[in-house]
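Asks: I'd like to ask you about the structure that follows.
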Amino acid sequence: MPDYLALAERFGTLVLDGVPPLTEASADGRQRFANLVDVACDRDIRLVLIGVDPLTALPKARP
């Protein structure tokens with residue numbers, strides 16, 4: 001996570017291209033992705049994600 005913090009201090013926008021479907025990622029990979037999103041939200045960093053699957057393929061958030 002220190003790497004994510006360093007990126008957040010240096011850049012106002014992060015672009016991540018080639019994001020695979022999270023269902024194909026390992027549990028560790030999903031946790032690292034969640035950490036990145038968490039840091040971006042906490043630091044008010046714009047996060048642009050470009051993935052293989054369209055947004056409509058993502059599971060709906062549960063209340």
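Chain labels follow the order of the structure tokens: the first chain is A, the next B, and so on; residue numbering restarts at 1 in every chain, and ligands are counted from 1 in their shown order.
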For range 44-53 of chain A, please output as a PDB file with N, CA and C atoms, in the first residue's frame all residues within 6 Å (counting only C-alpha atoms; exclusion window: fewer than 4 positions along the same chain).

Replies:
ATOM      1  N   GLY A  12      -2.910  13.428  -9.537  1.00  0.00           N
ATOM      2  CA  GLY A  12      -4.303  13.705  -9.222  1.00  0.00           C
ATOM      3  C   GLY A  12      -5.266  12.773  -9.920  1.00  0.00           C
ATOM      4  N   THR A  13      -4.772  12.068 -10.937  1.00  0.00           N
ATOM      5  CA  THR A  13      -5.570  11.097 -11.683  1.00  0.00           C
ATOM      6  C   THR A  13      -4.722   9.861 -11.912  1.00  0.00           C
ATOM      7  N   LEU A  14      -5.307   8.707 -11.686  1.00  0.00           N
ATOM      8  CA  LEU A  14      -4.653   7.436 -11.981  1.00  0.00           C
ATOM      9  C   LEU A  14      -5.488   6.707 -13.031  1.00  0.00           C
ATOM     10  N   VAL A  15      -4.834   6.192 -14.074  1.00  0.00           N
ATOM     11  CA  VAL A  15      -5.508   5.435 -15.120  1.00  0.00           C
ATOM     12  C   VAL A  15      -4.967   4.021 -15.084  1.00  0.00           C
ATOM     13  N   LEU A  16      -5.863   3.067 -14.937  1.00  0.00           N
ATOM     14  CA  LEU A  16      -5.489   1.658 -14.883  1.00  0.00           C
ATOM     15  C   LEU A  16      -6.157   0.962 -16.061  1.00  0.00           C
ATOM     16  N   ASP A  17      -5.363   0.516 -17.021  1.00  0.00           N
ATOM     17  CA  ASP A  17      -5.868  -0.121 -18.231  1.00  0.00           C
ATOM     18  C   ASP A  17      -5.644  -1.627 -18.153  1.00  0.00           C
ATOM     19  N   GLY A  18      -6.548  -2.380 -18.760  1.00  0.00           N
ATOM     20  CA  GLY A  18      -6.407  -3.823 -18.790  1.00  0.00           C
ATOM     21  C   GLY A  18      -6.871  -4.502 -17.519  1.00  0.00           C
ATOM     22  N   VAL A  19      -7.818  -3.901 -16.826  1.00  0.00           N
ATOM     23  CA  VAL A  19      -8.323  -4.483 -15.579  1.00  0.00           C
ATOM     24  C   VAL A  19      -9.095  -5.759 -15.926  1.00  0.00           C
ATOM     25  N   PRO A  20      -8.658  -6.898 -15.416  1.00  0.00           N
ATOM     26  CA  PRO A  20      -9.366  -8.151 -15.709  1.00  0.00           C
ATOM     27  C   PRO A  20     -10.634  -8.243 -14.868  1.00  0.00           C
ATOM     28  N   ALA A  40      -7.438   5.853  -3.407  1.00  0.00           N
ATOM     29  CA  ALA A  40      -7.905   6.872  -4.350  1.00  0.00           C
ATOM     30  C   ALA A  40      -9.096   7.640  -3.763  1.00  0.00           C
TER      31      ALA A  40
END

Asks: One number please: CA of Arg10 in chain A to CA of Arg30 in chain A, in Å, one decimal.

Replies: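 About the pair CA of Arg10 in chain A and CA of Arg30 in chain A: they are 23.8 Å apart.
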
Asks: Do you have the CA of Leu22 in chain A-CA of Glu9 in chain A distance handy?

Replies: 26.2 Å

Asks: Within 12 Å of Asp42 in chain A, counting only C-alpha atoms, which residues show up once you throw out same-chain ones fewer than 6 positions away? Write them as a ChimeraX atom specification, please.

Replies: /A:4-5,8-9,35-36

Asks: Check chain A with DSSP on the backbone and list each residue it calls helix (DSSP H, G or I), as a ChimeraX atom specification.

Replies: /A:2-10,22-24,27-42,55-57

Asks: When DSSP works through the backbone of this structure, what residues of chain A end up as strand (DSSP E or B), shown as a ChimeraX atom specification?

Replies: /A:13-19,46-51

Asks: Any idea what the distance is between CA of Glu24 in chain A and CA of Arg43 in chain A?

Replies: 27.8 Å
